[in-house]
There are 2 protein chains.
Amino acid sequence: MAEVGSAGELESVRVTRILRDDIVLGRRAPGSRLIERDIATELNVSRLPVREAIRTLVGEGVVVARPRTWAVVREFTQNDIQDFGEVREAIETLLFVFAAQRHTPEGIARLRATYQRELAAAQAHDVEAARIAASEFHEIAAGLAGNEMLGELIGVFVTRLQWLFGQHDDLLAMAEEHRILLEAVESRDVDTLRVLVPRHLASGQAAAERRLRDREASA
Amino acid sequence: MAEVGSAGELESVRVTRILRDDIVLGRRAPGSRLIERDIATELNVSRLPVREAIRTLVGEGVVVARPRTWAVVREFTQNDIQDFGEVREAIETLLFVFAAQRHTPEGIARLRATYQRELAAAQAHDVEAARIAASEFHEIAAGLAGNEMLGELIGVFVTRLQWLFGQHDDLLAMAEEHRILLEAVESRDVDTLRVLVPRHLASGQAAAERRLRDREASA
DNA sequence: ATGCAGTCGTTGGGATACCAAACTTGTCCA
DNA sequence: TGGACAAGTTTGGTATCCCAACGACTGCAT
C-alpha cells in the first residue's frame with residue numbers, strides 16, 4: 001500500500017518510527033497532545049498500532065501518558081538535562097572503557113572508517129550524513145564493548161539522547177572529539193578515556209542547556 | 001469485578017503485575033510460552049491488556065517476543081549475568097555516591113529505619129519481609145541520590161534485578177552489608193563506597209551464577 | 001535412521017464497532 | 001474570584017472477525 005520502509009514491517013513499528021521522528025526532529029513540540037484517534041486517522045491505521053507506538057515511546061522516555069487522557073510529548077526541565085548528563089557520563093565512560101579493553105583489530109577498522117565518513121561529511125557541511133555517522137560511531141563502539149546488557153541500557157536511552165543532544169552545533173569539533181576517542185580506544189588508554197569522555201559530553205551538554213533556556217525564554 | 005488490587009487499577013497494569021510475579025517467582029520457567037489468548041482466558045480479560053502486559057515485560061527485559069509468534073520468558077546465559085553485573089556495578093556505584101553527596105538528615109533517618117527493619121526480619125528468618133525491606137533500602141537510596149533519570153534507568157532494570165539476584169541466601173550477611181553502606185553514605189565517604197559497592201554486589205553475583213549453573217546442569 | 005518439503009493448525013497483528021469510566025473544559029452561580 | 005456542576009472528549013477494555021506468518025507434523029525420498 002504505502003510501500004514505505006522494509007517489506008513486512010509491522011504497522012506499529014512504522015507508526016512508532018514516524019512519531020519518534022516527529023518528536024526528535026521537533027515537528028511535535030514538547031507538551032503537545034498525542035491523540036490516538038487523530039493520529040490513527042492521519043496515518044490510515046486503526047487505533048491499535050498507535051496505542052502500541054505511544055506505549056513504546058513512553059518506554060523510551062519521550063512521551064508521558066496518564067491513564068484515560070491523552071499522552072503528551074515530554075517536557076524536559078533544566079534539571080532533567082543535568083541529571084541525564086550525569087547518568088550519561090557514567091554509561092558512556094563505561095562503554096568506551098570496555099571498548100578500549102576488548103576491541104578487535106577488525107572492530108577498530110570499522111570504527112575508524114565511520115569516523116572518516118563523519119569527518120568527510122562534516123567538512124562538506126552535510127549535517128544529516130554527519131549526524132548519522134556520529135550515531136553509528138557510538139553504535140559500533142557499543143558493539144566493541146562486548147556487553148549486551150550495556151547495549152540494551154543504551155537502547156533505552158538513545159531516543160532521548162538523540163532528542164536532547166541530537167543537534168550539535170559544531171560538526172567539525174565533534175568529529176575531532178571522536179578522533180581523539182578513537183585513538184584512545186585503539187591504544188587501550190583507559191585512564192585518558194576516563195577524563196576524555198566527560199569532557200566530550202560536556203560540550204553537547206552545554207548546547208542542550210542553552211537550547212532549552214532559549215525555548216523557555218520564548219515561551 | 002475481580003475486585004483485587006487497588007481501586008480503579010487498570011487491567012493492563014494488573015495483568016502485568018501478575019505475569020511479572022509469575023516470572024520473578026519462578027512460576028513461569030525461562031523459555032516457557034506466553035500465549036495471549038490462553039492468558040486472556042485464564043485471567044478473564046480480553047487480549048488487549050495481555051498484549052500490553054507482554055510489551056511492558058519485554059521493555060523490562062524479562063520476556064522476548066518475535067513478531068507473529070508467541071513470546072517466551074527470557075533465558076539468561078552465564079554471559080548475560082556477567083554483563084549485567086558489570087553494568088549494575090557502574091549504576092549502583094553512581095547511585096550510592098550521589099546519595100552520599102546529596103543526602104539529607106531526614107533521608108538518612110528513613111534509610112536507617114529501613115535497614116533496622118531489614119535486620120530484624122533477617123534475625124527472625126522472615127525471608128519475605130527481609131526481601132521487601134532490602135528492596136526498599138535501594139529505593140530510598142535512589143531517592144537520596146536526587147537524580148530522576150538515574151531513577152528511571154534503575155526502574156527499567158529493577159525487574160531483571162529482582163529476578164536474577166532476588167533470592168539472596170544469607171539474609172544476615174546482606175543486612176550487614178547494608179549497614180556498612182548506610183554508614184558510608186551517612187559519613188559521605190565516597191572513596192570507601194567506590195570499593196564497597198562492587199564488593200557488595202559480588203556476593204549476590206556469585207549466588208546468581210551458581211543458581212544458573214545448577215539449573216543448566218539439571219536440564 | 002536421516003534429511004527435507006509440503007501441509008495444516010496455531011498465533012499474533014490488525015480492523016472495526018461499541019461501551020463505560022474518567023479526565024478536561026467551559027459555564028454558571030455564589 | 002473561585003468553586004461546583006454539566007457536557008463533551010478520550011482512553012481502556014470487550015467482542016469479533018480476518019489474514020499473514022510461523023511452527024509443528026507428516027510422509028516421502030535417500
# chains A, B, ... in the order shown; residues from 1 in each chain; ligands from 1
>>> residues_around(residues="D:DA7", least_positions_apart="6", cutoff="10 Å", atoms="only C-alpha atoms (C1' of nucleotides)", output="list in words")
DT25, DG26 and DT27 of chain C
>>> write_last_selection(atoms="N, CA and C atoms (P, O5', C5', C4', C3', O3' and C1' of nucleotides)", output="PDB file, in the first residue's frame")
ATOM      1  P    DT C  25      -8.035  20.898  29.246  1.00  0.00           P
ATOM      2  O5'  DT C  25      -9.443  21.564  28.920  1.00  0.00           O
ATOM      3  C5'  DT C  25     -10.317  20.936  27.978  1.00  0.00           C
ATOM      4  C4'  DT C  25     -11.675  21.639  27.982  1.00  0.00           C
ATOM      5  C3'  DT C  25     -11.621  23.135  28.310  1.00  0.00           C
ATOM      6  O3'  DT C  25     -12.467  23.834  27.415  1.00  0.00           O
ATOM      7  C1'  DT C  25     -13.136  22.057  29.732  1.00  0.00           C
ATOM      8  P    DG C  26     -12.233  25.404  27.170  1.00  0.00           P
ATOM      9  O5'  DG C  26     -13.731  25.934  27.165  1.00  0.00           O
ATOM     10  C5'  DG C  26     -14.784  25.087  26.711  1.00  0.00           C
ATOM     11  C4'  DG C  26     -16.052  25.371  27.504  1.00  0.00           C
ATOM     12  C3'  DG C  26     -16.260  26.852  27.861  1.00  0.00           C
ATOM     13  O3'  DG C  26     -17.607  27.207  27.617  1.00  0.00           O
ATOM     14  C1'  DG C  26     -16.363  25.545  29.801  1.00  0.00           C
ATOM     15  P    DT C  27     -18.018  28.735  27.624  1.00  0.00           P
ATOM     16  O5'  DT C  27     -19.408  28.616  28.398  1.00  0.00           O
ATOM     17  C5'  DT C  27     -20.066  27.339  28.483  1.00  0.00           C
ATOM     18  C4'  DT C  27     -20.869  27.278  29.775  1.00  0.00           C
ATOM     19  C3'  DT C  27     -21.363  28.643  30.265  1.00  0.00           C
ATOM     20  O3'  DT C  27     -22.754  28.560  30.573  1.00  0.00           O
ATOM     21  C1'  DT C  27     -20.246  27.517  32.014  1.00  0.00           C
TER      22       DT C  27
END
>>> residues_around(residues="C:DA15", least_positions_apart="2", cutoff="12 Å", atoms="only C-alpha atoms (C1' of nucleotides)", output="PyMOL selection string")
(chain A and resi 40+44-49) or (chain C and resi 13+17) or (chain D and resi 16-19)
>>> select_by_dssp(residues="stretch 10-212 of chain A", states="strand (DSSP E or B)", output="list in words")
Arg33, Leu34, Val63, Val64, Ala65, Ala71, Val72 and Val73 of chain A
>>> interface_residues(of="chain C", to="chain A", cutoff="10 Å", atoms="only C-alpha atoms (C1' of nucleotides)", output="count of residues only")
8
>>> residues_around(residues="A:Ala134", least_positions_apart="4", cutoff="9 Å", atoms="only C-alpha atoms (C1' of nucleotides)", output="JSON, numbers by chain")
{"A": [114, 115, 117, 118, 129, 130, 138, 139, 174, 175, 178]}
>>> interface_residues(of="chain D", to="chain A", cutoff="8 Å", atoms="only C-alpha atoms (C1' of nucleotides)", output="list in words")
DT10, DT11 and DG12 of chain D
>>> closest_atom_pairs(of="chain A", to="chain B", cutoff="12 Å", atoms="only C-alpha atoms", output="CSV")
residue,atom,partner,partner_atom,distance
A:Gly8,CA,B:Pro67,CA,10.3
A:Glu9,CA,B:Pro67,CA,9.6
A:Leu10,CA,B:Pro67,CA,8.1
A:Glu11,CA,B:Pro67,CA,11.4
A:Ser12,CA,B:Pro67,CA,11.0
A:Val13,CA,B:Pro67,CA,10.7
A:Arg47,CA,B:Leu48,CA,12.0
A:Leu48,CA,B:Leu48,CA,9.2
A:Pro49,CA,B:Glu52,CA,11.6
A:Arg51,CA,B:Glu52,CA,9.3
A:Glu52,CA,B:Glu52,CA,7.8
A:Ala53,CA,B:Arg55,CA,10.8
A:Ile54,CA,B:Glu52,CA,11.3
A:Arg55,CA,B:Glu52,CA,8.4
A:Thr56,CA,B:Arg55,CA,8.4
A:Leu57,CA,B:Gly59,CA,11.0
A:Val58,CA,B:Thr56,CA,10.4
A:Gly59,CA,B:Gly59,CA,7.1
A:Glu60,CA,B:Gly59,CA,9.3
A:Gly61,CA,B:Glu152,CA,8.7
A:Arg66,CA,B:Leu10,CA,11.3
A:Pro67,CA,B:Leu10,CA,8.1
A:Arg68,CA,B:Leu10,CA,9.7
A:Phe76,CA,B:Met149,CA,11.0
A:Thr77,CA,B:Glu148,CA,11.3
A:Asn79,CA,B:Asn147,CA,8.8
A:Asp80,CA,B:Met149,CA,6.9
A:Ile81,CA,B:Met149,CA,8.8
A:Gln82,CA,B:Asn147,CA,8.8
A:Asp83,CA,B:Asn147,CA,5.4
A:Phe84,CA,B:Met149,CA,5.6
A:Gly85,CA,B:Met149,CA,9.1
A:Glu86,CA,B:Asn147,CA,8.5
A:Val87,CA,B:Leu150,CA,6.2
A:Arg88,CA,B:Leu150,CA,9.4
A:Glu89,CA,B:Leu94,CA,10.3
A:Ala90,CA,B:Ala90,CA,7.1
A:Ile91,CA,B:Ala90,CA,7.6
A:Glu92,CA,B:Ala90,CA,10.7
A:Thr93,CA,B:Ala90,CA,9.7
A:Leu94,CA,B:Ala90,CA,7.5
A:Leu95,CA,B:Val87,CA,9.6
A:Val97,CA,B:Ala90,CA,11.9
A:Phe98,CA,B:Glu86,CA,10.0
A:Ala145,CA,B:Asp83,CA,10.3
A:Gly146,CA,B:Asp83,CA,8.5
A:Asn147,CA,B:Asp83,CA,5.4
A:Glu148,CA,B:Asp83,CA,6.7
A:Met149,CA,B:Phe84,CA,5.6
A:Leu150,CA,B:Val87,CA,6.2
A:Gly151,CA,B:Val87,CA,9.9
A:Glu152,CA,B:Gly61,CA,8.7
A:Leu153,CA,B:Leu153,CA,7.9
A:Ile154,CA,B:Leu153,CA,9.9
A:Gly155,CA,B:Gly59,CA,10.6
A:Val156,CA,B:Val156,CA,8.4
A:Phe157,CA,B:Leu153,CA,8.3
A:Arg160,CA,B:Met149,CA,11.0
A:Leu161,CA,B:Met149,CA,11.9
>>> write_last_selection(atoms="C-alpha atoms", output="PDB file, in the first residue's frame")
ATOM      1  CA  GLY A   8       6.627  -6.918   6.012  1.00  0.00           C
ATOM      2  CA  GLU A   9       7.234  -4.189   8.538  1.00  0.00           C
ATOM      3  CA  LEU A  10       4.716  -4.129  11.334  1.00  0.00           C
ATOM      4  CA  GLU A  11       2.350  -1.179  11.329  1.00  0.00           C
ATOM      5  CA  SER A  12       3.072  -0.497  14.979  1.00  0.00           C
ATOM      6  CA  VAL A  13       6.770  -0.259  14.209  1.00  0.00           C
ATOM      7  CA  ARG A  47      -6.036   2.845  16.983  1.00  0.00           C
ATOM      8  CA  LEU A  48      -4.163  -0.327  17.906  1.00  0.00           C
ATOM      9  CA  PRO A  49      -0.791   0.339  16.270  1.00  0.00           C
ATOM     10  CA  ARG A  51      -1.520   2.731  21.081  1.00  0.00           C
ATOM     11  CA  GLU A  52       1.457   0.423  20.876  1.00  0.00           C
ATOM     12  CA  ALA A  53       3.585   3.171  19.399  1.00  0.00           C
ATOM     13  CA  ILE A  54       2.702   5.561  22.194  1.00  0.00           C
ATOM     14  CA  ARG A  55       3.493   2.934  24.819  1.00  0.00           C
ATOM     15  CA  THR A  56       6.825   2.292  23.176  1.00  0.00           C
ATOM     16  CA  LEU A  57       7.650   5.988  23.207  1.00  0.00           C
ATOM     17  CA  VAL A  58       6.648   6.175  26.853  1.00  0.00           C
ATOM     18  CA  GLY A  59       9.168   3.413  27.432  1.00  0.00           C
ATOM     19  CA  GLU A  60      11.761   5.423  25.567  1.00  0.00           C
ATOM     20  CA  GLY A  61      11.044   8.328  27.858  1.00  0.00           C
ATOM     21  CA  ARG A  66      -1.589   9.402  32.304  1.00  0.00           C
ATOM     22  CA  PRO A  67      -4.474   6.949  32.436  1.00  0.00           C
ATOM     23  CA  ARG A  68      -7.576   7.819  30.438  1.00  0.00           C
ATOM     24  CA  PHE A  76      12.269  18.370  29.930  1.00  0.00           C
ATOM     25  CA  THR A  77      13.459  20.762  32.556  1.00  0.00           C
ATOM     26  CA  ASN A  79      17.209  19.760  35.923  1.00  0.00           C
ATOM     27  CA  ASP A  80      16.355  16.737  33.792  1.00  0.00           C
ATOM     28  CA  ILE A  81      19.075  17.608  31.343  1.00  0.00           C
ATOM     29  CA  GLN A  82      21.628  17.901  34.102  1.00  0.00           C
ATOM     30  CA  ASP A  83      20.528  14.603  35.651  1.00  0.00           C
ATOM     31  CA  PHE A  84      20.616  12.983  32.265  1.00  0.00           C
ATOM     32  CA  GLY A  85      24.117  14.272  31.713  1.00  0.00           C
ATOM     33  CA  GLU A  86      25.339  12.720  34.940  1.00  0.00           C
ATOM     34  CA  VAL A  87      23.932   9.336  34.052  1.00  0.00           C
ATOM     35  CA  ARG A  88      25.159   9.567  30.510  1.00  0.00           C
ATOM     36  CA  GLU A  89      28.667  10.318  31.665  1.00  0.00           C
ATOM     37  CA  ALA A  90      28.797   7.143  33.727  1.00  0.00           C
ATOM     38  CA  ILE A  91      27.359   4.962  30.980  1.00  0.00           C
ATOM     39  CA  GLU A  92      29.464   6.289  28.153  1.00  0.00           C
ATOM     40  CA  THR A  93      32.631   6.139  30.189  1.00  0.00           C
ATOM     41  CA  LEU A  94      31.856   2.505  30.874  1.00  0.00           C
ATOM     42  CA  LEU A  95      31.148   1.987  27.195  1.00  0.00           C
ATOM     43  CA  VAL A  97      36.500   1.860  28.644  1.00  0.00           C
ATOM     44  CA  PHE A  98      35.133  -1.569  27.764  1.00  0.00           C
ATOM     45  CA  ALA A 145      32.355  -3.019  24.360  1.00  0.00           C
ATOM     46  CA  GLY A 146      31.073  -6.582  24.160  1.00  0.00           C
ATOM     47  CA  ASN A 147      28.396  -6.201  26.797  1.00  0.00           C
ATOM     48  CA  GLU A 148      24.863  -6.817  25.586  1.00  0.00           C
ATOM     49  CA  MET A 149      23.225  -5.529  28.736  1.00  0.00           C
ATOM     50  CA  LEU A 150      25.031  -2.249  28.318  1.00  0.00           C
ATOM     51  CA  GLY A 151      23.753  -2.209  24.756  1.00  0.00           C
ATOM     52  CA  GLU A 152      20.189  -2.725  25.945  1.00  0.00           C
ATOM     53  CA  LEU A 153      20.565   0.013  28.500  1.00  0.00           C
ATOM     54  CA  ILE A 154      21.824   2.445  25.910  1.00  0.00           C
ATOM     55  CA  GLY A 155      18.984   1.387  23.645  1.00  0.00           C
ATOM     56  CA  VAL A 156      16.502   2.552  26.234  1.00  0.00           C
ATOM     57  CA  PHE A 157      18.155   5.937  26.443  1.00  0.00           C
ATOM     58  CA  ARG A 160      16.033  10.987  24.405  1.00  0.00           C
ATOM     59  CA  LEU A 161      19.739  11.241  23.742  1.00  0.00           C
TER      60      LEU A 161
END
>>> atom_distance(atom1="atom CA of B:Val50", atom2="atom CA of B:Val62")
15.1 Å
>>> residues_around(residues="C:DC18", least_positions_apart="5", cutoff="12 Å", atoms="only C-alpha atoms (C1' of nucleotides)", output="PyMOL selection string")
chain D and resi 13-16
>>> write_last_selection(atoms="N, CA and C atoms (P, O5', C5', C4', C3', O3' and C1' of nucleotides)", output="mmCIF file, in the first residue's frame")
data_model
loop_
_atom_site.group_PDB
_atom_site.id
_atom_site.type_symbol
_atom_site.label_atom_id
_atom_site.label_comp_id
_atom_site.auth_asym_id
_atom_site.auth_seq_id
_atom_site.Cartn_x
_atom_site.Cartn_y
_atom_site.Cartn_z
ATOM 1 P P DG D 13 -7.027 -1.370 30.456
ATOM 2 O "O5'" DG D 13 -8.323 -2.046 29.831
ATOM 3 C "C5'" DG D 13 -9.536 -2.012 30.570
ATOM 4 C "C4'" DG D 13 -10.641 -2.597 29.735
ATOM 5 C "C3'" DG D 13 -10.319 -3.963 29.109
ATOM 6 O "O3'" DG D 13 -11.133 -4.942 29.732
ATOM 7 C "C1'" DG D 13 -11.424 -2.506 27.584
ATOM 8 P P DT D 14 -11.149 -6.433 29.258
ATOM 9 O "O5'" DT D 14 -12.397 -6.524 28.273
ATOM 10 C "C5'" DT D 14 -13.677 -6.081 28.710
ATOM 11 C "C4'" DT D 14 -14.711 -6.364 27.633
ATOM 12 C "C3'" DT D 14 -14.593 -7.748 27.006
ATOM 13 O "O3'" DT D 14 -15.852 -8.409 27.065
ATOM 14 C "C1'" DT D 14 -14.632 -6.070 25.305
ATOM 15 P P DA D 15 -15.997 -9.946 26.699
ATOM 16 O "O5'" DA D 15 -16.411 -9.901 25.165
ATOM 17 C "C5'" DA D 15 -17.385 -8.972 24.724
ATOM 18 C "C4'" DA D 15 -17.555 -9.079 23.218
ATOM 19 C "C3'" DA D 15 -17.203 -10.462 22.635
ATOM 20 O "O3'" DA D 15 -18.258 -10.885 21.785
ATOM 21 C "C1'" DA D 15 -16.032 -8.771 21.478
ATOM 22 P P DT D 16 -18.419 -12.414 21.367
ATOM 23 O "O5'" DT D 16 -18.187 -12.340 19.792
ATOM 24 C "C5'" DT D 16 -17.096 -11.557 19.340
ATOM 25 C "C4'" DT D 16 -17.298 -11.166 17.907
ATOM 26 C "C3'" DT D 16 -16.872 -12.274 16.946
ATOM 27 O "O3'" DT D 16 -17.695 -12.264 15.794
ATOM 28 C "C1'" DT D 16 -15.416 -10.396 16.730
#
>>> atom_distance(atom1="atom CA of B:Ala184", atom2="atom CA of B:Ala100")
7.3 Å
>>> select_by_dssp(residues="chain B", states="helix (DSSP H, G or I)", output="PyMOL selection string")
chain B and resi 11-24+36-43+47-59+78-102+105-123+127-145+148-165+171-186+190-217
>>> decode(residues="stretch 1-19 of chain D", atoms="N, CA and C atoms (P, O5', C5', C4', C3', O3' and C1' of nucleotides)", output="mmCIF file, in the first residue's frame")
data_model
loop_
_atom_site.group_PDB
_atom_site.id
_atom_site.type_symbol
_atom_site.label_atom_id
_atom_site.label_comp_id
_atom_site.auth_asym_id
_atom_site.auth_seq_id
_atom_site.Cartn_x
_atom_site.Cartn_y
_atom_site.Cartn_z
ATOM 1 P P DT D 1 -10.462 38.563 39.157
ATOM 2 O "O5'" DT D 1 -10.258 37.451 40.290
ATOM 3 C "C5'" DT D 1 -10.213 37.868 41.659
ATOM 4 C "C4'" DT D 1 -10.786 36.765 42.506
ATOM 5 C "C3'" DT D 1 -10.262 35.374 42.154
ATOM 6 O "O3'" DT D 1 -9.850 34.718 43.337
ATOM 7 C "C1'" DT D 1 -12.633 35.375 42.103
ATOM 8 P P DG D 2 -8.988 33.401 43.217
ATOM 9 O "O5'" DG D 2 -10.058 32.283 43.584
ATOM 10 C "C5'" DG D 2 -10.944 32.498 44.680
ATOM 11 C "C4'" DG D 2 -12.075 31.492 44.624
ATOM 12 C "C3'" DG D 2 -11.636 30.097 44.174
ATOM 13 O "O3'" DG D 2 -12.231 29.131 45.018
ATOM 14 C "C1'" DG D 2 -13.429 30.823 42.852
ATOM 15 P P DG D 3 -11.598 27.666 45.089
ATOM 16 O "O5'" DG D 3 -12.897 26.789 45.317
ATOM 17 C "C5'" DG D 3 -14.040 27.361 45.939
ATOM 18 C "C4'" DG D 3 -15.300 26.814 45.297
ATOM 19 C "C3'" DG D 3 -15.201 25.337 44.908
ATOM 20 O "O3'" DG D 3 -16.396 24.682 45.277
ATOM 21 C "C1'" DG D 3 -15.864 26.595 43.050
ATOM 22 P P DA D 4 -16.389 23.096 45.537
ATOM 23 O "O5'" DA D 4 -17.807 22.648 44.953
ATOM 24 C "C5'" DA D 4 -18.948 23.470 45.180
ATOM 25 C "C4'" DA D 4 -19.901 23.351 43.995
ATOM 26 C "C3'" DA D 4 -20.118 21.922 43.504
ATOM 27 O "O3'" DA D 4 -21.497 21.718 43.268
ATOM 28 C "C1'" DA D 4 -19.408 23.284 41.710
ATOM 29 P P DC D 5 -22.089 20.271 43.103
ATOM 30 O "O5'" DC D 5 -22.754 20.327 41.658
ATOM 31 C "C5'" DC D 5 -23.287 21.556 41.164
ATOM 32 C "C4'" DC D 5 -23.267 21.564 39.641
ATOM 33 C "C3'" DC D 5 -23.503 20.192 38.996
ATOM 34 O "O3'" DC D 5 -24.551 20.321 38.048
ATOM 35 C "C1'" DC D 5 -21.624 21.247 38.020
ATOM 36 P P DA D 6 -25.301 19.034 37.508
ATOM 37 O "O5'" DA D 6 -25.125 19.206 35.941
ATOM 38 C "C5'" DA D 6 -25.300 20.503 35.351
ATOM 39 C "C4'" DA D 6 -24.690 20.524 33.963
ATOM 40 C "C3'" DA D 6 -24.966 19.270 33.132
ATOM 41 O "O3'" DA D 6 -25.261 19.658 31.799
ATOM 42 C "C1'" DA D 6 -22.631 19.602 33.323
ATOM 43 P P DA D 7 -25.891 18.639 30.775
ATOM 44 O "O5'" DA D 7 -24.848 18.739 29.584
ATOM 45 C "C5'" DA D 7 -24.282 20.014 29.266
ATOM 46 C "C4'" DA D 7 -23.052 19.808 28.402
ATOM 47 C "C3'" DA D 7 -23.194 18.658 27.404
ATOM 48 O "O3'" DA D 7 -22.685 19.068 26.149
ATOM 49 C "C1'" DA D 7 -21.261 18.336 28.751
ATOM 50 P P DG D 8 -22.838 18.133 24.871
ATOM 51 O "O5'" DG D 8 -21.300 17.936 24.479
ATOM 52 C "C5'" DG D 8 -20.435 19.074 24.523
ATOM 53 C "C4'" DG D 8 -18.989 18.629 24.557
ATOM 54 C "C3'" DG D 8 -18.628 17.580 23.499
ATOM 55 O "O3'" DG D 8 -17.382 17.943 22.931
ATOM 56 C "C1'" DG D 8 -18.039 16.763 25.641
ATOM 57 P P DT D 9 -16.947 17.268 21.523
ATOM 58 O "O5'" DT D 9 -15.505 16.702 21.917
ATOM 59 C "C5'" DT D 9 -15.393 16.058 23.168
ATOM 60 C "C4'" DT D 9 -13.936 15.997 23.587
ATOM 61 C "C3'" DT D 9 -13.100 15.035 22.758
ATOM 62 O "O3'" DT D 9 -11.741 15.366 22.929
ATOM 63 C "C1'" DT D 9 -13.631 14.061 24.855
ATOM 64 P P DT D 10 -10.686 14.711 21.912
ATOM 65 O "O5'" DT D 10 -10.217 13.433 22.735
ATOM 66 C "C5'" DT D 10 -9.486 13.616 23.941
ATOM 67 C "C4'" DT D 10 -9.248 12.278 24.598
ATOM 68 C "C3'" DT D 10 -8.852 11.161 23.622
ATOM 69 O "O3'" DT D 10 -7.576 10.681 23.959
ATOM 70 C "C1'" DT D 10 -10.555 10.441 25.111
ATOM 71 P P DT D 11 -6.927 9.469 23.115
ATOM 72 O "O5'" DT D 11 -6.834 8.342 24.227
ATOM 73 C "C5'" DT D 11 -6.314 8.675 25.513
ATOM 74 C "C4'" DT D 11 -6.879 7.746 26.569
ATOM 75 C "C3'" DT D 11 -6.446 6.286 26.405
ATOM 76 O "O3'" DT D 11 -5.911 5.828 27.634
ATOM 77 C "C1'" DT D 11 -8.787 6.433 26.655
ATOM 78 P P DG D 12 -5.180 4.435 27.680
ATOM 79 O "O5'" DG D 12 -6.331 3.466 28.217
ATOM 80 C "C5'" DG D 12 -6.754 3.582 29.564
ATOM 81 C "C4'" DG D 12 -7.667 2.431 29.927
ATOM 82 C "C3'" DG D 12 -7.150 1.053 29.535
ATOM 83 O "O3'" DG D 12 -7.434 0.139 30.592
ATOM 84 C "C1'" DG D 12 -9.216 1.463 28.439
ATOM 85 P P DG D 13 -7.027 -1.370 30.456
ATOM 86 O "O5'" DG D 13 -8.323 -2.046 29.831
ATOM 87 C "C5'" DG D 13 -9.536 -2.012 30.570
ATOM 88 C "C4'" DG D 13 -10.641 -2.597 29.735
ATOM 89 C "C3'" DG D 13 -10.319 -3.963 29.109
ATOM 90 O "O3'" DG D 13 -11.133 -4.942 29.732
ATOM 91 C "C1'" DG D 13 -11.424 -2.506 27.584
ATOM 92 P P DT D 14 -11.149 -6.433 29.258
ATOM 93 O "O5'" DT D 14 -12.397 -6.524 28.273
ATOM 94 C "C5'" DT D 14 -13.677 -6.081 28.710
ATOM 95 C "C4'" DT D 14 -14.711 -6.364 27.633
ATOM 96 C "C3'" DT D 14 -14.593 -7.748 27.006
ATOM 97 O "O3'" DT D 14 -15.852 -8.409 27.065
ATOM 98 C "C1'" DT D 14 -14.632 -6.070 25.305
ATOM 99 P P DA D 15 -15.997 -9.946 26.699
ATOM 100 O "O5'" DA D 15 -16.411 -9.901 25.165
ATOM 101 C "C5'" DA D 15 -17.385 -8.972 24.724
ATOM 102 C "C4'" DA D 15 -17.555 -9.079 23.218
ATOM 103 C "C3'" DA D 15 -17.203 -10.462 22.635
ATOM 104 O "O3'" DA D 15 -18.258 -10.885 21.785
ATOM 105 C "C1'" DA D 15 -16.032 -8.771 21.478
ATOM 106 P P DT D 16 -18.419 -12.414 21.367
ATOM 107 O "O5'" DT D 16 -18.187 -12.340 19.792
ATOM 108 C "C5'" DT D 16 -17.096 -11.557 19.340
ATOM 109 C "C4'" DT D 16 -17.298 -11.166 17.907
ATOM 110 C "C3'" DT D 16 -16.872 -12.274 16.946
ATOM 111 O "O3'" DT D 16 -17.695 -12.264 15.794
ATOM 112 C "C1'" DT D 16 -15.416 -10.396 16.730
ATOM 113 P P DC D 17 -17.653 -13.576 14.858
ATOM 114 O "O5'" DC D 17 -16.705 -13.085 13.666
ATOM 115 C "C5'" DC D 17 -16.997 -11.860 13.001
ATOM 116 C "C4'" DC D 17 -15.796 -11.436 12.179
ATOM 117 C "C3'" DC D 17 -15.109 -12.584 11.428
ATOM 118 O "O3'" DC D 17 -15.244 -12.391 10.025
ATOM 119 C "C1'" DC D 17 -13.522 -11.157 12.525
ATOM 120 P P DC D 18 -14.717 -13.549 9.036
ATOM 121 O "O5'" DC D 18 -13.288 -12.974 8.660
ATOM 122 C "C5'" DC D 18 -13.164 -11.647 8.156
ATOM 123 C "C4'" DC D 18 -11.698 -11.312 7.985
ATOM 124 C "C3'" DC D 18 -10.902 -12.400 7.249
ATOM 125 O "O3'" DC D 18 -10.352 -11.846 6.067
ATOM 126 C "C1'" DC D 18 -9.781 -11.682 9.239
ATOM 127 P P DC D 19 -9.727 -12.824 4.960
ATOM 128 O "O5'" DC D 19 -8.167 -12.586 5.162
ATOM 129 C "C5'" DC D 19 -7.698 -11.259 5.347
ATOM 130 C "C4'" DC D 19 -6.257 -11.286 5.830
ATOM 131 C "C3'" DC D 19 -5.387 -12.340 5.137
ATOM 132 O "O3'" DC D 19 -4.184 -11.722 4.745
ATOM 133 C "C1'" DC D 19 -5.212 -12.552 7.484
#
